[in-house]
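Engineer: Attaching a single structure in C-alpha cells format; questions to follow.
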Amino acid sequence: MENATVLPQSKQQPHQLNWHRLLPWLIPVALVGAWQFAVSAGWLDQQLIPSPLAVVQDGVALWQTGELPKNIAISLFRATVGFAIGGSIGFVLGLLNGLSKVARGLTDTTIQMLRNIPHLSLIPLVIIMLGIGESAKISLVSVGVMFPIYINTYSGIRNIDPELLEMGRTYGLTRRQLFSKIVFPGALPTILVGVRYALGVMWTTLIVAETISSNSGIGYMASNAQEFMDMATVLLCIVIYALLGKLSDIIAKTLESLCLDWQTKGGARA
Amino acid sequence: MTPLITLDRIGKQYGANTALHDVNFSIYPGEFVALVGMSGGGKSTILRLIAGLEAASAGNLSYAGGQAPVTRVMFQNDRLLPWMTAIQNVSFHARDADTQSRAKQTLAAVGLAAFANQYPNQLSGGQKQRLALARALMAQPELLLLDEPLGALDALTRRNMQDFIRQIVAEQHLTTLLITHDVEEAARMADRIIVIKNGSNVYEATGAKDGTAAQVATVAQDVLQVILQPSGQAV
C-alpha cells in the first residue's frame with residue numbers, strides 16, 4: 001500500500017535566505033539613517049534630539065563607567081523574577097481553573113474582577129505598602145504578567161477539542177495521561193501566545209515602575225537623565241528598551257519553534 | 001457460535017427524545033457487520049453504546065464470557081494528535097515493552113513505514129485515515145468499530161481505503177462493525193448488513209464483499225429500497 005512518497009522540500013537559494021534575514025532590519029536601519037541625516041543636516045535641534053552617533057557615544061561612555069551594565073542588570077533581574085513569579089501564579093491558576101470545575105467556581109469570578117483593574121493603577125498602593133524597594137517593582141511586574149498567562153492557559157485548556165479527549169478516553173488513557181498527552185500539548189499554542197503578550201506587559205510595567213519609584217534600573221536612568229535634560233541618555237534608554245523588547249520576542253519565537261515545530265512542518269505533504 | 005456481543009432490546013433516550021428503541025442484533029467473532037441508514041437514524045448512537053462512550057437507557061448489552069471486549073474506534077474525522085508524529089500517534093496509548101517495534105510493524109502494515117516521523121499535517125487525507133486505522137490496530141482490538149471512517153475522503157481514495165480496510169480486517173481476523181450511510185460501501189465490505197431506521201434495526205441482508213460489481217449493486221439496491229421505504233410499511 002505504499003502509494004505515496006515524501007517529496008523533496010524545495011531548497012532555498014543562499015541569496016534568497018540572506019535577503020529574507022535582512023528584510024526585518026531594513027526599516028529600523030532606514031529610520032536610524034534618516035535620523036542621523038536629519039540631525040547632520042541641521043533639520044533637528046541636536047540639543048533636543050541628539051544624533052544616533054551621539055546616543056551610541058553616550059552608551060559607550062556609560063558602559064565604561066559601569067553605570068549602564070549595572071542598571072541593565074538590575075532591570076533584567078526585576079523583569080525575570082517578576083515574570084517568573086507572576087507567570088507561575090497565572091499558569092497554575094489557569095491550570096486549576098481550566099481543569100477543575102470546583103476551582104473555577106471558587107476563583108474565576110474573583111480573578112475576572114481583579115483582571116479588570118489596570119495593574120499600573122496599583123502603583124500608589126504598592127508604594128505605600130512596599131516602598132520603592134525591589135519587592136514593589138517585582139510585585140507590579142508579577143501582577144502585570146499574571147493575567148495574560150492565566151487567561152491564555154485557562155482558555156487553552158477549556159478549548160481543547162472534545163473529540164480528541166473522547167478519542168483519548170476510548171484508548172484507555174488515565175486522567176494524568178489525558179493531561180500530558182492531549183490537554184497540555186493542545187493548550188500549549190494558546191499558552192505561548194499568553195507568554196509572548198506577557199513579555200510585552202513585563203517591559204511596559206517595569207518602565208513605568210522604574211520611572212515613578214526607583215533609584216536604579218533603565219527607567220530610573222531615563223527619568224534621572226530627563227532631570228538634567230540629558231537627551232542622549234533618555235534616547236539611549238528608549239533604544240535599550242526596544243532592544244530588550246526584541247530580545248523578548250526572539251525568546252518567545254524560539255520557545256514557539258521548539259515547542260510547536262509540528263505547526264510549521266507541512267511542506268513534505270505527499 | 002457464541003456472539004462476541006449481543007444487543008437485546010436496547011433503547012436510548014436523550015431527554016424526551018428517543019434515539020433508539022428495541023434494537024436487537026448480535027455480532028459474531030470474525031464477522032464484518034455494517035450498520036446502514038439515513039443520518040440521524042441512530043447508527044452512531046449504537047456505536048457509542050458498544051464503545052462504552054454512553055450508557056443505554058433500556059435493554060441489555062451482553063458480551064461473550066461476560067466481559068466487554070477490547071474495543072477501538074476509528075472515527076470519521078481522523079482525531080489524530082497534531083503534535084505527535086505518525087509513530088507517536090500509533091503508540092501513545094500502548095504501555096507494553098515492545099511498543100516501538102510493534103508500532104513500526106503496524107505502520108508498515110498500513111503502508112506508512114516511510115512516514116513514521118511525519119506529523120499528521122504532512123500527510124494526505126487517505127494517509128491520515130490509514131494512520132487512524134493503524135492506531136486502532138495497535139491496540140489489538142477484539143472489536144474494531146468504524147464510524148463512517150471514509151466519509152471525508154474523495155471517491156478514489158475512498159474506494160482504495162475500502163479495499164485496504166477489508167484486506168487488513170481479513171488478514172488480522174478482526175471482528176468489525178462499520179457505520180456508514182453509503183449502501184454500496186456496506187455491500188462491498190461487509191458480511192452482513194443491518195438497516196437502522198428510526199432508531200431500530202428493521203432489516204438484515206447478506207453483504208457481497210467477494211461478489212462481482214453487479215452483485216454489490218443488487219445488494220445495495222435492495223438495502224437502499226428498505227431505507228427509502230416510507231415508515232409504517234412492512235419491510
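Ordered as shown in the C-alpha cells, chains take letters A, B, and onward, while each chain numbers its residues from 1 and ligands are numbered from 1 in the order shown.
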As a ChimeraX atom specification, please: the residues near Lys104 of chain B (cut-off 12 Å, only C-alpha atoms, same-chain neighbours under 5 positions excluded).

Structural biologist: /B:86-91,98-99,109-117,131,134-135,138

Engineer: Pick out the chain B residues within 7 Å of chain A. Count only C-alpha atoms. Give them as a list of chain:residue names.

Structural biologist: B:Arg72, B:Arg79, B:Pro82, B:Trp83, B:His93, B:Val110, B:Gly111, B:Leu112, B:Tyr119, B:Asn121, B:Gln122, B:Leu123, B:Ser124

Engineer: Which polymer residues have any atom within 9 Å of an atom of Gly151 of chain B, counting only C-alpha atoms, with same-chain residues fewer than 6 positions away left out, as a PyMOL selection string?

Structural biologist: chain B and resi 76-77+158+180-182

Engineer: Dump C-alpha atoms for the selected residues as a PDB file, in the first residue's frame?

Structural biologist:
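Dumped everything to part32.pdb:
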```pdb
ATOM      1  CA  GLN B  76     -14.979   9.832  10.648  1.00  0.00           C
ATOM      2  CA  ASN B  77     -12.516  12.627  11.294  1.00  0.00           C
ATOM      3  CA  ARG B 158     -12.391   6.131  -0.501  1.00  0.00           C
ATOM      4  CA  THR B 180     -21.921   4.051   7.032  1.00  0.00           C
ATOM      5  CA  HIS B 181     -24.663   5.788   5.088  1.00  0.00           C
ATOM      6  CA  ASP B 182     -23.162   4.502   1.832  1.00  0.00           C
TER       7      ASP B 182
END
```

Engineer: Which of these residues is nearest to Asn24 of chain B, using only C-alpha atoms: B:Asp191, B:Glu204, B:Glu54, B:Asp222?

Structural biologist: B:Glu204

Engineer: Identify all residues of segment 9-189 of chain B in helix (DSSP H, G or I) (DSSP on the backbone) and supply them as a PyMOL selection string.

Structural biologist: chain B and resi 43-51+64-66+86-91+99-109+113-115+120-122+125-138+155-171+183-189

Engineer: May I ask for the distance between atom CA of Leu133 of chain B and atom CA of Gly156 of chain A, given in Å to one decimal place?

Structural biologist: 28.3 Å

Engineer: Which residues of segment 3-109 of chain A come within 12 Å of segment 220-235 of chain A, and what is each one's closest atom pair and distance in Å (one decimal), counting only C-alpha atoms, sorted by chain and residue number, as CSV?

Structural biologist:
```
residue,atom,partner,partner_atom,distance
A:Asp45,CA,A:Met231,CA,11.2
A:Gln46,CA,A:Met231,CA,9.1
A:Gln47,CA,A:Met231,CA,7.3
A:Leu48,CA,A:Met231,CA,6.4
A:Ile49,CA,A:Met231,CA,6.7
A:Pro50,CA,A:Ala232,CA,5.8
A:Ser51,CA,A:Ala232,CA,8.1
A:Pro52,CA,A:Ala232,CA,8.5
A:Leu53,CA,A:Ala232,CA,9.6
A:Ala54,CA,A:Ala232,CA,6.6
A:Val55,CA,A:Ala232,CA,4.9
A:Val56,CA,A:Ala232,CA,8.4
A:Gln57,CA,A:Ala232,CA,8.8
A:Asp58,CA,A:Ala232,CA,6.4
A:Gly59,CA,A:Thr233,CA,7.4
A:Val60,CA,A:Thr233,CA,10.8
A:Ala61,CA,A:Thr233,CA,10.4
A:Leu62,CA,A:Thr233,CA,8.8
A:Trp63,CA,A:Thr233,CA,11.6
A:Glu67,CA,A:Met221,CA,9.0
A:Leu68,CA,A:Met221,CA,8.6
A:Pro69,CA,A:Met221,CA,11.5
A:Lys70,CA,A:Met221,CA,10.7
A:Asn71,CA,A:Met221,CA,7.6
A:Ile72,CA,A:Met221,CA,9.8
A:Ile74,CA,A:Tyr220,CA,10.8
A:Ser75,CA,A:Tyr220,CA,9.6
```

Engineer: Hey, can you check how far atom CA of Phe32 of chain B sits from atom CA of Arg102 of chain B?

Structural biologist: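 Atom CA of Phe32 of chain B sits 24.5 Å away from atom CA of Arg102 of chain B.
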
Engineer: So the first atom is atom CA of Leu144 of chain B and the second is atom CA of Gly52 of chain B; what is the distance between them in Å, to one decimal place?

Structural biologist: 13.0 Å

Engineer: Name the residues of segment 37-220 of chain B that fall into strand (DSSP E or B) according to DSSP on the backbone, using the chain letters and numbers of this document, as a ChimeraX atom specification.

Structural biologist: /B:58-63,71-74,143-147,175-180,192-197,200-206

Engineer: Can I get the selection written as a CSV table (one decimal), in the first residue's frame, with N, CA and C atoms?

Structural biologist:
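Listed below is the output, part_14.csv:
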```
chain,number,residue,atom,x,y,z
B,58,ALA,N,-32.2,1.6,28.1
B,58,ALA,CA,-33.0,0.4,28.3
B,58,ALA,C,-32.3,-0.8,27.6
B,59,GLY,N,-32.7,-2.0,28.0
B,59,GLY,CA,-32.2,-3.2,27.4
B,59,GLY,C,-30.9,-3.7,27.9
B,60,ASN,N,-30.3,-4.6,27.3
B,60,ASN,CA,-29.1,-5.3,27.8
B,60,ASN,C,-28.1,-5.5,26.7
B,61,LEU,N,-26.8,-5.1,27.1
B,61,LEU,CA,-25.7,-5.3,26.2
B,61,LEU,C,-24.9,-6.4,26.8
B,62,SER,N,-24.8,-7.6,26.2
B,62,SER,CA,-24.1,-8.7,26.8
B,62,SER,C,-22.9,-9.1,25.9
B,63,TYR,N,-21.9,-9.6,26.6
B,63,TYR,CA,-20.6,-10.0,25.9
B,63,TYR,C,-20.3,-11.4,26.1
B,71,THR,N,-12.2,-2.8,22.7
B,71,THR,CA,-12.9,-2.2,21.5
B,71,THR,C,-12.1,-0.9,21.2
B,72,ARG,N,-11.9,-0.7,19.9
B,72,ARG,CA,-11.2,0.6,19.4
B,72,ARG,C,-12.1,1.1,18.3
B,73,VAL,N,-12.1,2.5,18.3
B,73,VAL,CA,-12.9,3.2,17.3
B,73,VAL,C,-12.1,3.9,16.3
B,74,MET,N,-12.4,3.8,15.0
B,74,MET,CA,-11.8,4.7,14.0
B,74,MET,C,-13.0,5.6,13.6
B,143,LEU,N,-12.8,-6.0,19.0
B,143,LEU,CA,-13.9,-5.5,18.2
B,143,LEU,C,-13.4,-4.1,17.6
B,144,LEU,N,-13.4,-4.0,16.3
B,144,LEU,CA,-13.0,-2.8,15.7
B,144,LEU,C,-14.3,-2.0,15.2
B,145,LEU,N,-14.4,-0.8,15.7
B,145,LEU,CA,-15.6,0.0,15.4
B,145,LEU,C,-15.2,1.1,14.4
B,146,LEU,N,-15.8,1.1,13.2
B,146,LEU,CA,-15.5,2.1,12.2
B,146,LEU,C,-16.7,3.0,12.0
B,147,ASP,N,-16.5,4.3,12.5
B,147,ASP,CA,-17.7,5.2,12.5
B,147,ASP,C,-17.5,6.1,11.3
B,175,THR,N,-13.0,-8.8,14.3
B,175,THR,CA,-14.5,-8.6,14.3
B,175,THR,C,-14.7,-7.1,14.1
B,176,THR,N,-15.5,-6.8,13.1
B,176,THR,CA,-15.6,-5.3,12.8
B,176,THR,C,-17.1,-4.9,12.7
B,177,LEU,N,-17.3,-3.7,13.2
B,177,LEU,CA,-18.7,-3.1,13.0
B,177,LEU,C,-18.4,-1.8,12.2
B,178,LEU,N,-19.0,-1.6,11.0
B,178,LEU,CA,-18.8,-0.4,10.2
B,178,LEU,C,-20.2,0.4,10.2
B,179,ILE,N,-20.1,1.6,10.5
B,179,ILE,CA,-21.2,2.5,10.4
B,179,ILE,C,-21.0,3.3,9.1
B,180,THR,N,-22.0,3.3,8.3
B,180,THR,CA,-21.9,4.1,7.0
B,180,THR,C,-23.3,4.4,6.5
B,192,ARG,N,-22.4,-8.9,6.6
B,192,ARG,CA,-23.8,-8.8,7.0
B,192,ARG,C,-24.2,-7.3,7.1
B,193,ILE,N,-25.3,-6.9,6.6
B,193,ILE,CA,-25.7,-5.5,6.6
B,193,ILE,C,-27.0,-5.4,7.4
B,194,ILE,N,-27.0,-4.5,8.4
B,194,ILE,CA,-28.2,-4.3,9.2
B,194,ILE,C,-28.7,-2.8,9.0
B,195,VAL,N,-29.9,-2.7,8.6
B,195,VAL,CA,-30.5,-1.4,8.3
B,195,VAL,C,-31.1,-0.8,9.6
B,196,ILE,N,-30.6,0.3,10.0
B,196,ILE,CA,-31.2,1.0,11.2
B,196,ILE,C,-32.1,2.2,10.7
B,197,LYS,N,-33.3,2.1,11.2
B,197,LYS,CA,-34.2,3.1,10.7
B,197,LYS,C,-35.1,3.6,11.9
B,200,SER,N,-34.2,1.9,15.2
B,200,SER,CA,-34.4,0.5,15.4
B,200,SER,C,-33.8,-0.3,14.2
B,201,ASN,N,-33.4,-1.5,14.5
B,201,ASN,CA,-33.0,-2.3,13.4
B,201,ASN,C,-34.2,-3.0,12.7
B,202,VAL,N,-34.3,-2.7,11.4
B,202,VAL,CA,-35.5,-3.2,10.7
B,202,VAL,C,-35.3,-4.2,9.6
B,203,TYR,N,-34.0,-4.4,9.2
B,203,TYR,CA,-33.8,-5.3,8.1
B,203,TYR,C,-32.3,-5.8,8.1
B,204,GLU,N,-32.1,-7.0,7.7
B,204,GLU,CA,-30.8,-7.6,7.6
B,204,GLU,C,-30.6,-8.1,6.2
B,205,ALA,N,-29.4,-8.0,5.6
B,205,ALA,CA,-29.1,-8.5,4.3
B,205,ALA,C,-27.6,-9.1,4.4
B,206,THR,N,-27.4,-10.1,3.5
B,206,THR,CA,-26.0,-10.6,3.4
B,206,THR,C,-25.2,-9.7,2.4
```
